[in-house]
Amino acid sequence: MTGSGTWQDSHTKALALVRRMTLEEKINLTAGASSRTGCSGFIPPIKRLNFTGMCLSDAGNGLRNTDFVSSWPSGLHVGASWNKKLARERGSGMGGEFKIKGVNVLLGPVVGPAGRVLLGGRNWEGFSIDPYLAGSLVAETVSAIQGEGVITSTKHFIANEQETNRMPSGDVQSVSSNIDDRTMHELYLWPFQDAVRAGTGNIMCSYQRVNNSYGCANSKTLNGLLKTELGFQGFVVSDWGAQHAGVATALAGLDMTMPGEGFWGSELTTAVKNGSVPESRIDDMATRIIATWYQMGQDQDSFPSPGVGMPQDLRQPHKIVDARNSTFRQTLLDGAVEGHVLVKNINKSLPLKEPKLLSLFGYSAKNPDLNNPGGFVSPWTFGVSSFNFTEFQDSFIFNNLPTAESRQHQSPIAINGTIYSGGGSGATSQSLTVSPFDAIVQQAYEDGTALFWDFVSGTPEVNPMSDACLVFGNAYATEGLDRPSLRDDYTDGLIKHVADRCEKTIVVFHNAGVRLVDTFIDHPNVTAVIFAHLPGEMSGKALVELLYGKVNFSGKLPYTVAKNESDYGHLLGPDYADGAGGRFEKFPQSNFSEGVWVDYRWFDAKGIEPRYEFGFGLSYSSFEYSGLTVEKVAGESNGTDGEFPTGEVVEGGQKDLWDVLVKVTAEVENTGDVDGFEVAQLYISLPSSLAASSNSSNSSADSRGGGSNEVNAESTKAPVKQLRGFEKPFIKAGETAMVQFELTRRDLSVWDVEHQAWRLDRGTYTVRVGSSLRDLPLEGEEERCKLTSASSASTLSPSSSSDLPLDFAPSVPSESSELCGEWISRPSTASGRESKAIC
């Protein structure tokens, strides 16, 4: 730890305190201990030094396994909102609740898994498969939570993309995520880099192996990428039970193991005394932990006693600590509203206008029959009240390994009620929830609407006099299990049965991931479809606000919805161990052979037409884009846009990676008659993009990657389009708003494997702006082509090569490298709208 930047004072204080500790006291900081609290993990106090200890608790969507807290919208729901301001407000509200309960470390937010595997059981905990969208939202979340004095544990580092074989079982090891350097940097490391730049005090290393070394014993990822390249100043904690070695994990960069001593404790003391681990490494562990404690102001009297509001057993008498803050009620509602995505709305199906008769169907309309704390392992504790608890226990608690065959018998839905979050350690505690049924009954009472419902039958009677029929389904996901499918026959059959009998059938999915719709989407009576995701406690209230037009839809998809499962290729499901006698029978392998080509990048490159593209979402209004400008800006750090960055390493990487090089503006007009938010999205095509020579943003060659299918981890091409900006203004009907995007050096660069640095390429950079990936009416270009004097690139700038961890040795480019320094603007028009670029 260097103690650079804002960490200087905290680092100085930590060094002083650690010098006063005995070896045993320092080592006690590095491992979890038992406590009389309900904290997920606990570090004991050192009373003689006034160190109060630490409570670590789940998770990134709200405080789990306690009472009197809020159930916040889940990560995926926040991703669907595309709202940085809401992400920040959610973080502040959540952080405040954790603090009041005496939680020092919030075990979240999640940017790993990113969502590479479509059926991944924990994709719902993160924001989006797109690294830019995820990185923008995680940065806001980290800053806001830590602004309340609570440490964020950004997780799971890194490439933790499937639940299948995530942990060793018997003599079968965890799956290995085998990933190349470029893909690591451009896709999976990207949002972690944003979190580190935002100052995250903790990183949680993951269960699985990375290139065949366990995530918590991987010097390349922990010492190399995280602590050296990204300049991470905080401490690394293991996922619970993810430590599989003692000395190796200490030397690889792990600073704290959970939930108990694991391979450390007295064994780590022995390792220091026999010379296997230098005491300087223990000092570094302790300093990182204590410095983070100081950095968040947790040494102050204003921070509650660790675990004060976390009863060990909620069934026993305990002091009530109500952490809810009424000032965040609107944030809870707004967050729930904006993560709903309307993908179909025909025949003026929505909004509803005081209907005479509504018929409601489907298992996901009402609350589950159980919402009551049980023991440590209970449906309520892990957000499984609506799901099959036996199935959950079998995988999450007992770690029974699934097979491709057994997965086909898993439950794809939570049949026992609506869902507010997914399941597992990332679940939220339900203290007060409003289901869709609850809210619709209240609205029907106010309007004098008659209601009929059947939440039991898959082939219900449908009243022919219904003004509209609402069908509620879900797609459940939980930690410990990968999903069995992207759709289910029961729910699809229910939808078609109702649609055959009701001319206005409105479908609402609470989906913890991608949900396919092609078996029913073209049915003429399916007039509206909503992806409601995981809205948290305000689920029903938010839905009614939208259904009745009290607020406008503004959510956009943070992923791509395909027409068929096969469209996702090998990215559909998890990888398994080889069968009996196979080479990798005991060592499952997951080869990230697709490289950076995931989600919309995959669809563009393969020429696959999705059902609904990334960034898509309907509104009750309409919006037009015009007036594009593209302006070159000198680099802030050194006034240059040379080929490679030259700045010092700060939190988040080299300082000049964050220089703004280009500013883009556009105008968005609300041409409809309803006020509302619009998500303006900016995509770039780099000089090395597959379709860099295309001139039209909506041409077949451009939008589908020119039909090329030669995309994999060995490709040197860049994706056809990559998200590099989004803004969400509220625009009144008939009015116009200006949006501005700032493109940094990193936004415009590719990762150079040979030089181990981000590189600006020569050639044409195309900027496109619009409402979704495949609706980009504005286009402008910048050409970076004039050669300037050469200079060498400074990468990590260690004091000597010996400072670098094992197998991490970046090289420096030759001083004779040719550089491009100036940008040339070129005006462009697209889709009949005038666009211009100003330099």
# chains A, B, ... in the order shown; residues from 1 in each chain; ligands from 1

call {"tool": "residues_around", "arguments": {"residues": "segment 726-734 of chain A", "least_positions_apart": "5", "cutoff": "8 Å", "atoms": "only C-alpha atoms", "output": "number ranges by chain"}}
result
A: 82-83, 621, 669-682, 739-741

call {"tool": "write_last_selection", "arguments": {"atoms": "all heavy atoms", "output": "compact mmCIF listing (two decimals), in the first residue's frame"}}
result
# COMPACT_ATOMS: atom_id res chain seq x y z
N TRP A 82 -30.78 2.81 -16.13
CA TRP A 82 -29.80 3.65 -16.82
C TRP A 82 -29.76 5.04 -16.17
O TRP A 82 -29.59 6.05 -16.86
CB TRP A 82 -30.13 3.79 -18.31
CG TRP A 82 -29.96 2.55 -19.12
CD1 TRP A 82 -30.64 1.39 -19.02
CD2 TRP A 82 -29.03 2.35 -20.20
NE1 TRP A 82 -30.22 0.48 -19.96
CE2 TRP A 82 -29.24 1.05 -20.71
CE3 TRP A 82 -28.07 3.16 -20.82
CZ2 TRP A 82 -28.51 0.52 -21.78
CZ3 TRP A 82 -27.35 2.64 -21.88
CH2 TRP A 82 -27.56 1.33 -22.35
N ASN A 83 -29.85 5.08 -14.85
CA ASN A 83 -29.94 6.37 -14.17
C ASN A 83 -28.84 6.49 -13.13
O ASN A 83 -28.91 5.88 -12.06
CB ASN A 83 -31.33 6.53 -13.52
CG ASN A 83 -31.58 7.95 -13.04
OD1 ASN A 83 -30.69 8.63 -12.56
ND2 ASN A 83 -32.83 8.39 -13.18
N SER A 621 -44.24 8.38 -24.75
CA SER A 621 -43.98 9.53 -25.61
C SER A 621 -43.04 9.11 -26.73
O SER A 621 -42.71 7.93 -26.89
CB SER A 621 -43.38 10.68 -24.79
OG SER A 621 -43.47 11.89 -25.49
N GLU A 669 -35.47 16.00 -28.44
CA GLU A 669 -36.77 16.66 -28.36
C GLU A 669 -37.86 15.65 -28.03
O GLU A 669 -37.93 14.58 -28.63
CB GLU A 669 -37.11 17.36 -29.68
CG GLU A 669 -38.45 18.09 -29.65
CD GLU A 669 -38.84 18.68 -30.99
OE1 GLU A 669 -38.07 18.50 -31.97
OE2 GLU A 669 -39.91 19.32 -31.07
N ASN A 670 -38.70 16.00 -27.07
CA ASN A 670 -39.87 15.19 -26.76
C ASN A 670 -40.98 15.60 -27.72
O ASN A 670 -41.61 16.65 -27.56
CB ASN A 670 -40.30 15.41 -25.31
CG ASN A 670 -41.45 14.50 -24.89
OD1 ASN A 670 -42.20 14.01 -25.71
ND2 ASN A 670 -41.59 14.29 -23.58
N THR A 671 -41.21 14.77 -28.74
CA THR A 671 -42.17 15.10 -29.79
C THR A 671 -43.56 14.54 -29.49
O THR A 671 -44.48 14.68 -30.31
CB THR A 671 -41.69 14.57 -31.14
OG1 THR A 671 -41.46 13.16 -31.04
CG2 THR A 671 -40.41 15.27 -31.56
N GLY A 672 -43.71 13.88 -28.35
CA GLY A 672 -45.01 13.35 -27.98
C GLY A 672 -45.78 14.31 -27.09
O GLY A 672 -45.45 15.50 -27.00
N ASP A 673 -46.81 13.78 -26.42
CA ASP A 673 -47.64 14.64 -25.58
C ASP A 673 -47.59 14.22 -24.11
O ASP A 673 -48.45 14.60 -23.31
CB ASP A 673 -49.09 14.65 -26.07
CG ASP A 673 -49.68 13.25 -26.21
OD1 ASP A 673 -49.01 12.28 -25.77
OD2 ASP A 673 -50.79 13.12 -26.73
N VAL A 674 -46.56 13.43 -23.75
CA VAL A 674 -46.40 12.98 -22.37
C VAL A 674 -44.99 13.33 -21.90
O VAL A 674 -44.01 13.04 -22.58
CB VAL A 674 -46.64 11.46 -22.24
CG1 VAL A 674 -46.46 11.02 -20.78
CG2 VAL A 674 -48.02 11.08 -22.74
N ASP A 675 -44.88 13.96 -20.74
CA ASP A 675 -43.57 14.24 -20.17
C ASP A 675 -42.87 12.92 -19.83
O ASP A 675 -43.52 11.92 -19.50
CB ASP A 675 -43.70 15.05 -18.87
CG ASP A 675 -44.39 16.40 -19.08
OD1 ASP A 675 -44.51 16.82 -20.25
OD2 ASP A 675 -44.80 17.00 -18.08
N GLY A 676 -41.54 12.95 -19.88
CA GLY A 676 -40.85 11.73 -19.49
C GLY A 676 -39.34 11.81 -19.64
O GLY A 676 -38.79 12.75 -20.23
N PHE A 677 -38.67 10.81 -19.07
CA PHE A 677 -37.23 10.66 -19.22
C PHE A 677 -36.91 9.95 -20.53
O PHE A 677 -37.69 9.12 -21.00
CB PHE A 677 -36.66 9.81 -18.08
CG PHE A 677 -36.62 10.48 -16.74
CD1 PHE A 677 -37.61 10.23 -15.80
CD2 PHE A 677 -35.60 11.36 -16.41
CE1 PHE A 677 -37.59 10.83 -14.55
CE2 PHE A 677 -35.56 11.98 -15.17
CZ PHE A 677 -36.55 11.71 -14.23
N GLU A 678 -35.77 10.28 -21.10
CA GLU A 678 -35.25 9.56 -22.25
C GLU A 678 -33.77 9.26 -21.99
O GLU A 678 -33.02 10.13 -21.54
CB GLU A 678 -35.39 10.38 -23.54
CG GLU A 678 -34.60 9.88 -24.74
CD GLU A 678 -35.07 8.53 -25.31
OE1 GLU A 678 -35.82 7.82 -24.63
OE2 GLU A 678 -34.67 8.20 -26.42
N VAL A 679 -33.37 8.02 -22.28
CA VAL A 679 -31.97 7.64 -22.14
C VAL A 679 -31.27 7.83 -23.48
O VAL A 679 -31.48 7.06 -24.41
CB VAL A 679 -31.82 6.18 -21.68
CG1 VAL A 679 -30.33 5.83 -21.54
CG2 VAL A 679 -32.54 5.95 -20.35
N ALA A 680 -30.48 8.89 -23.58
CA ALA A 680 -29.68 9.12 -24.78
C ALA A 680 -28.39 8.33 -24.65
O ALA A 680 -27.68 8.44 -23.66
CB ALA A 680 -29.39 10.61 -24.93
N GLN A 681 -28.08 7.53 -25.67
CA GLN A 681 -26.94 6.61 -25.61
C GLN A 681 -25.93 6.94 -26.69
O GLN A 681 -26.29 7.25 -27.83
CB GLN A 681 -27.44 5.17 -25.79
CG GLN A 681 -28.49 4.77 -24.77
CD GLN A 681 -29.23 3.52 -25.14
OE1 GLN A 681 -28.67 2.55 -25.68
NE2 GLN A 681 -30.54 3.50 -24.88
N LEU A 682 -24.65 6.88 -26.33
CA LEU A 682 -23.57 7.13 -27.27
C LEU A 682 -22.74 5.87 -27.46
O LEU A 682 -22.31 5.26 -26.47
CB LEU A 682 -22.68 8.28 -26.77
CG LEU A 682 -21.49 8.68 -27.67
CD1 LEU A 682 -21.19 10.17 -27.52
CD2 LEU A 682 -20.22 7.87 -27.37
N VAL A 739 -27.90 17.09 -24.33
CA VAL A 739 -27.12 16.11 -23.58
C VAL A 739 -25.65 16.24 -23.98
O VAL A 739 -25.35 16.56 -25.13
CB VAL A 739 -27.61 14.67 -23.82
CG1 VAL A 739 -28.97 14.47 -23.20
CG2 VAL A 739 -27.64 14.33 -25.30
N GLN A 740 -24.78 16.02 -23.01
CA GLN A 740 -23.34 16.11 -23.27
C GLN A 740 -22.65 14.85 -22.78
O GLN A 740 -22.95 14.34 -21.70
CB GLN A 740 -22.74 17.33 -22.56
CG GLN A 740 -21.22 17.45 -22.75
CD GLN A 740 -20.66 18.73 -22.19
OE1 GLN A 740 -21.06 19.82 -22.60
NE2 GLN A 740 -19.74 18.63 -21.25
N PHE A 741 -21.72 14.36 -23.59
CA PHE A 741 -20.94 13.18 -23.25
C PHE A 741 -19.46 13.54 -23.29
O PHE A 741 -19.02 14.26 -24.18
CB PHE A 741 -21.19 12.05 -24.25
CG PHE A 741 -22.64 11.77 -24.52
CD1 PHE A 741 -23.30 12.38 -25.58
CD2 PHE A 741 -23.35 10.89 -23.73
CE1 PHE A 741 -24.63 12.13 -25.85
CE2 PHE A 741 -24.69 10.61 -23.98
CZ PHE A 741 -25.34 11.24 -25.04

call {"tool": "residues_around", "arguments": {"residues": "Gly513 of chain A", "least_positions_apart": "4", "cutoff": "9 Å", "atoms": "only C-alpha atoms", "output": "ChimeraX atom specification"}}
result
/A:76,115,118-124,475-477,486,533,559

call {"tool": "closest_residue", "arguments": {"among": "A:Asn564, A:Ser622, A:Asn347, A:Thr629", "to": "Lys504 of chain A", "atoms": "only C-alpha atoms"}}
result
A:Asn347

call {"tool": "residues_around", "arguments": {"residues": "Gln312 of chain A", "least_positions_apart": "5", "cutoff": "12 Å", "atoms": "only C-alpha atoms", "output": "list in words"}}
result
Ser34, Ser35, Arg36, Thr37, Gly38, Cys39, Ser40, Gly41, Asn65, Thr66, Asp67, Gly307, Pro317, His318, Lys319, Pro373, Gly374, Gly375 and Phe376 of chain A

call {"tool": "residues_around", "arguments": {"residues": "Val210 of chain A", "least_positions_apart": "4", "cutoff": "7 Å", "atoms": "only C-alpha atoms", "output": "PyMOL selection string"}}
result
chain A and resi 176-178+214-215

call {"tool": "select_by_dssp", "arguments": {"residues": "segment 278-412 of chain A", "states": "alpha helix (DSSP H)", "output": "ChimeraX atom specification"}}
result
/A:279-295,329-338,389-392,404-407

call {"tool": "write_last_selection", "arguments": {"atoms": "C-alpha atoms", "output": "PDB file, in the first residue's frame"}}
result
ATOM      1  CA  GLU A 279       6.226 -10.143   8.554  1.00  0.00           C
ATOM      2  CA  SER A 280       6.225  -7.181   6.198  1.00  0.00           C
ATOM      3  CA  ARG A 281       3.379  -8.905   4.333  1.00  0.00           C
ATOM      4  CA  ILE A 282       1.419  -9.162   7.595  1.00  0.00           C
ATOM      5  CA  ASP A 283       2.115  -5.483   8.228  1.00  0.00           C
ATOM      6  CA  ASP A 284       0.755  -4.682   4.768  1.00  0.00           C
ATOM      7  CA  MET A 285      -2.413  -6.717   5.426  1.00  0.00           C
ATOM      8  CA  ALA A 286      -3.019  -5.006   8.768  1.00  0.00           C
ATOM      9  CA  THR A 287      -2.190  -1.551   7.393  1.00  0.00           C
ATOM     10  CA  ARG A 288      -4.618  -1.933   4.498  1.00  0.00           C
ATOM     11  CA  ILE A 289      -7.423  -3.019   6.843  1.00  0.00           C
ATOM     12  CA  ILE A 290      -6.836  -0.305   9.438  1.00  0.00           C
ATOM     13  CA  ALA A 291      -6.280   2.412   6.820  1.00  0.00           C
ATOM     14  CA  THR A 292      -9.646   1.577   5.252  1.00  0.00           C
ATOM     15  CA  TRP A 293     -11.268   1.770   8.703  1.00  0.00           C
ATOM     16  CA  TYR A 294      -9.767   5.238   9.166  1.00  0.00           C
ATOM     17  CA  GLN A 295     -10.581   6.284   5.579  1.00  0.00           C
ATOM     18  CA  ARG A 329     -39.115   6.473   0.282  1.00  0.00           C
ATOM     19  CA  GLN A 330     -39.259   8.393  -2.980  1.00  0.00           C
ATOM     20  CA  THR A 331     -35.894   6.926  -4.007  1.00  0.00           C
ATOM     21  CA  LEU A 332     -37.227   3.431  -3.355  1.00  0.00           C
ATOM     22  CA  LEU A 333     -40.284   4.187  -5.510  1.00  0.00           C
ATOM     23  CA  ASP A 334     -38.396   5.971  -8.293  1.00  0.00           C
ATOM     24  CA  GLY A 335     -35.833   3.203  -8.396  1.00  0.00           C
ATOM     25  CA  ALA A 336     -38.563   0.595  -8.686  1.00  0.00           C
ATOM     26  CA  VAL A 337     -40.364   2.566 -11.417  1.00  0.00           C
ATOM     27  CA  GLU A 338     -37.389   3.250 -13.659  1.00  0.00           C
ATOM     28  CA  PHE A 389     -36.473 -24.249  -0.772  1.00  0.00           C
ATOM     29  CA  THR A 390     -35.407 -27.885  -0.955  1.00  0.00           C
ATOM     30  CA  GLU A 391     -33.878 -27.274  -4.363  1.00  0.00           C
ATOM     31  CA  PHE A 392     -32.105 -24.180  -3.052  1.00  0.00           C
ATOM     32  CA  ALA A 404     -26.316 -30.793 -17.642  1.00  0.00           C
ATOM     33  CA  GLU A 405     -28.998 -33.467 -17.316  1.00  0.00           C
ATOM     34  CA  SER A 406     -30.054 -32.691 -13.747  1.00  0.00           C
ATOM     35  CA  ARG A 407     -30.368 -28.982 -14.527  1.00  0.00           C
TER      36      ARG A 407
END

call {"tool": "residues_around", "arguments": {"residues": "Ala444 of chain A", "least_positions_apart": "4", "cutoff": "10 Å", "atoms": "only C-alpha atoms", "output": "list in words"}}
result
Glu354, Pro355, Lys356, Leu357, Leu358, Ala439, Ile440, Gly448, Thr449, Ala450 and Leu451 of chain A

call {"tool": "closest_residue", "arguments": {"among": "A:Phe68, A:Phe127, A:Phe592, A:Trp597", "to": "Leu314 of chain A", "atoms": "only C-alpha atoms"}}
result
A:Phe68

call {"tool": "closest_residue", "arguments": {"among": "A:Asn416, A:Arg182, A:Asp194, A:Thr403", "to": "Leu370 of chain A", "atoms": "only C-alpha atoms"}}
result
A:Asn416

call {"tool": "residues_around", "arguments": {"residues": "Lys586 of chain A", "least_positions_apart": "5", "cutoff": "8 Å", "atoms": "only C-alpha atoms", "output": "tab-separated table (two decimals) with N, CA, C and O atoms, in the first residue's frame"}}
result
chain	number	residue	atom	x	y	z
A	171	ASP	N	-13.31	-34.45	-4.76
A	171	ASP	CA	-12.02	-34.30	-5.45
A	171	ASP	C	-12.14	-33.52	-6.75
A	171	ASP	O	-11.21	-33.50	-7.56
A	172	VAL	N	-13.28	-32.87	-6.96
A	172	VAL	CA	-13.48	-32.03	-8.14
A	172	VAL	C	-13.22	-30.58	-7.75
A	172	VAL	O	-13.84	-30.06	-6.83
A	173	GLN	N	-12.28	-29.95	-8.44
A	173	GLN	CA	-11.92	-28.57	-8.12
A	173	GLN	C	-12.92	-27.58	-8.73
A	173	GLN	O	-13.78	-27.94	-9.53
A	577	ALA	N	-17.59	-30.12	-15.87
A	577	ALA	CA	-16.41	-30.98	-15.87
A	577	ALA	C	-16.57	-32.05	-16.94
A	577	ALA	O	-17.69	-32.42	-17.30
A	578	ASP	N	-15.46	-32.54	-17.46
A	578	ASP	CA	-15.51	-33.64	-18.41
A	578	ASP	C	-16.14	-34.87	-17.76
A	578	ASP	O	-16.10	-35.04	-16.53

call {"tool": "atom_distance", "arguments": {"atom1": "atom CA of Val237 of chain A", "atom2": "atom CA of Met204 of chain A"}}
result
4.9 Å

call {"tool": "atom_distance", "arguments": {"atom1": "atom CA of Gly595 of chain A", "atom2": "atom CA of Asp575 of chain A"}}
result
15.8 Å

call {"tool": "closest_residue", "arguments": {"among": "A:Gly647, A:Pro131, A:Pro524, A:Pro460", "to": "Ser349 of chain A", "atoms": "only C-alpha atoms"}}
result
A:Pro524

call {"tool": "select_by_dssp", "arguments": {"residues": "segment 201-355 of chain A", "states": "strand (DSSP E or B)", "output": "PyMOL selection string"}}
result
chain A and resi 202-205+209-210+213-214+235-238+256-257+341-345

call {"tool": "write_last_selection", "arguments": {"atoms": "N, CA and C atoms", "output": "short mmCIF file (atom, residue, chain, number, x, y, z; two decimals), in the first residue's frame"}}
result
data_model
loop_
_atom_site.label_atom_id
_atom_site.label_comp_id
_atom_site.auth_asym_id
_atom_site.auth_seq_id
_atom_site.Cartn_x
_atom_site.Cartn_y
_atom_site.Cartn_z
N ASN A 202 -12.67 -2.03 -0.31
CA ASN A 202 -12.47 -3.47 -0.24
C ASN A 202 -12.84 -4.11 -1.57
N ILE A 203 -12.14 -5.17 -1.89
CA ILE A 203 -12.45 -6.01 -3.03
C ILE A 203 -12.57 -7.44 -2.52
N MET A 204 -13.60 -8.15 -2.95
CA MET A 204 -13.77 -9.55 -2.57
C MET A 204 -13.31 -10.45 -3.71
N CYS A 205 -12.37 -11.34 -3.41
CA CYS A 205 -11.91 -12.29 -4.43
C CYS A 205 -12.87 -13.47 -4.50
N ARG A 209 -11.47 -20.59 -10.05
CA ARG A 209 -10.08 -20.39 -10.46
C ARG A 209 -10.02 -19.47 -11.68
N VAL A 210 -8.93 -18.76 -11.80
CA VAL A 210 -8.67 -17.90 -12.96
C VAL A 210 -7.40 -18.41 -13.62
N SER A 213 -5.55 -20.93 -11.41
CA SER A 213 -5.16 -20.58 -10.04
C SER A 213 -6.37 -20.02 -9.33
N TYR A 214 -6.60 -20.46 -8.09
CA TYR A 214 -7.77 -19.98 -7.37
C TYR A 214 -7.77 -18.46 -7.25
N PHE A 235 -8.19 -3.24 1.12
CA PHE A 235 -7.81 -4.63 1.42
C PHE A 235 -8.69 -5.61 0.65
N VAL A 236 -8.15 -6.81 0.46
CA VAL A 236 -8.84 -7.87 -0.27
C VAL A 236 -9.36 -8.89 0.74
N VAL A 237 -10.65 -9.21 0.67
CA VAL A 237 -11.24 -10.23 1.53
C VAL A 237 -11.67 -11.40 0.66
N SER A 238 -11.58 -12.60 1.22
CA SER A 238 -12.03 -13.78 0.46
C SER A 238 -13.55 -13.85 0.48
N MET A 256 -7.55 -10.65 4.05
CA MET A 256 -8.48 -11.08 5.09
C MET A 256 -9.24 -12.30 4.61
N THR A 257 -9.37 -13.32 5.45
CA THR A 257 -10.11 -14.52 5.07
C THR A 257 -11.38 -14.62 5.90
N VAL A 341 -39.11 -2.10 -17.92
CA VAL A 341 -38.88 -1.85 -19.34
C VAL A 341 -40.09 -2.33 -20.14
N LEU A 342 -40.71 -1.40 -20.84
CA LEU A 342 -41.83 -1.71 -21.73
C LEU A 342 -41.29 -2.06 -23.10
N VAL A 343 -41.53 -3.28 -23.56
CA VAL A 343 -40.96 -3.69 -24.85
C VAL A 343 -42.03 -3.88 -25.94
N LYS A 344 -43.29 -3.92 -25.54
CA LYS A 344 -44.38 -4.00 -26.52
C LYS A 344 -45.59 -3.26 -25.98
N ASN A 345 -46.21 -2.45 -26.85
CA ASN A 345 -47.43 -1.73 -26.46
C ASN A 345 -48.17 -1.33 -27.72
#

call {"tool": "atom_distance", "arguments": {"atom1": "atom CA of Val767 of chain A", "atom2": "atom CA of Asp659 of chain A"}}
result
18.0 Å

call {"tool": "decode", "arguments": {"residues": "segment 739-752 of chain A", "atoms": "N, CA, C and O atoms", "output": "mmCIF file, in the first residue's frame"}}
result
data_model
loop_
_atom_site.group_PDB
_atom_site.id
_atom_site.type_symbol
_atom_site.label_atom_id
_atom_site.label_comp_id
_atom_site.auth_asym_id
_atom_site.auth_seq_id
_atom_site.Cartn_x
_atom_site.Cartn_y
_atom_site.Cartn_z
ATOM 1 N N VAL A 739 -27.903 17.086 -24.332
ATOM 2 C CA VAL A 739 -27.119 16.114 -23.575
ATOM 3 C C VAL A 739 -25.654 16.243 -23.978
ATOM 4 O O VAL A 739 -25.346 16.560 -25.133
ATOM 5 N N GLN A 740 -24.777 16.020 -23.010
ATOM 6 C CA GLN A 740 -23.339 16.106 -23.272
ATOM 7 C C GLN A 740 -22.648 14.851 -22.780
ATOM 8 O O GLN A 740 -22.949 14.338 -21.704
ATOM 9 N N PHE A 741 -21.725 14.361 -23.588
ATOM 10 C CA PHE A 741 -20.940 13.179 -23.247
ATOM 11 C C PHE A 741 -19.459 13.537 -23.285
ATOM 12 O O PHE A 741 -19.017 14.263 -24.184
ATOM 13 N N GLU A 742 -18.718 13.024 -22.328
ATOM 14 C CA GLU A 742 -17.276 13.236 -22.311
ATOM 15 C C GLU A 742 -16.573 11.903 -22.505
ATOM 16 O O GLU A 742 -16.805 10.953 -21.752
ATOM 17 N N LEU A 743 -15.721 11.843 -23.523
ATOM 18 C CA LEU A 743 -15.000 10.612 -23.844
ATOM 19 C C LEU A 743 -13.563 10.723 -23.355
ATOM 20 O O LEU A 743 -12.825 11.621 -23.754
ATOM 21 N N THR A 744 -13.180 9.808 -22.497
ATOM 22 C CA THR A 744 -11.838 9.813 -21.930
ATOM 23 C C THR A 744 -10.871 9.019 -22.800
ATOM 24 O O THR A 744 -11.275 8.310 -23.736
ATOM 25 N N ARG A 745 -9.595 9.133 -22.463
ATOM 26 C CA ARG A 745 -8.575 8.348 -23.162
ATOM 27 C C ARG A 745 -8.922 6.855 -23.111
ATOM 28 O O ARG A 745 -8.836 6.156 -24.118
ATOM 29 N N ARG A 746 -9.321 6.372 -21.933
ATOM 30 C CA ARG A 746 -9.645 4.949 -21.832
ATOM 31 C C ARG A 746 -10.830 4.586 -22.721
ATOM 32 O O ARG A 746 -10.840 3.529 -23.363
ATOM 33 N N ASP A 747 -11.832 5.467 -22.787
ATOM 34 C CA ASP A 747 -13.006 5.200 -23.615
ATOM 35 C C ASP A 747 -12.643 4.974 -25.079
ATOM 36 O O ASP A 747 -13.312 4.221 -25.794
ATOM 37 N N LEU A 748 -11.591 5.641 -25.535
ATOM 38 C CA LEU A 748 -11.229 5.625 -26.947
ATOM 39 C C LEU A 748 -10.076 4.670 -27.246
ATOM 40 O O LEU A 748 -9.613 4.605 -28.392
ATOM 41 N N SER A 749 -9.626 3.934 -26.252
ATOM 42 C CA SER A 749 -8.433 3.107 -26.416
ATOM 43 C C SER A 749 -8.757 1.623 -26.483
ATOM 44 O O SER A 749 -9.853 1.184 -26.117
ATOM 45 N N VAL A 750 -7.784 0.865 -26.929
ATOM 46 C CA VAL A 750 -7.825 -0.597 -26.868
ATOM 47 C C VAL A 750 -6.663 -1.052 -25.997
ATOM 48 O O VAL A 750 -5.663 -0.348 -25.852
ATOM 49 N N TRP A 751 -6.770 -2.229 -25.418
ATOM 50 C CA TRP A 751 -5.688 -2.741 -24.592
ATOM 51 C C TRP A 751 -4.624 -3.384 -25.479
ATOM 52 O O TRP A 751 -4.920 -4.286 -26.263
ATOM 53 N N ASP A 752 -3.404 -2.872 -25.373
ATOM 54 C CA ASP A 752 -2.278 -3.387 -26.146
ATOM 55 C C ASP A 752 -1.582 -4.457 -25.321
ATOM 56 O O ASP A 752 -0.929 -4.173 -24.313
#
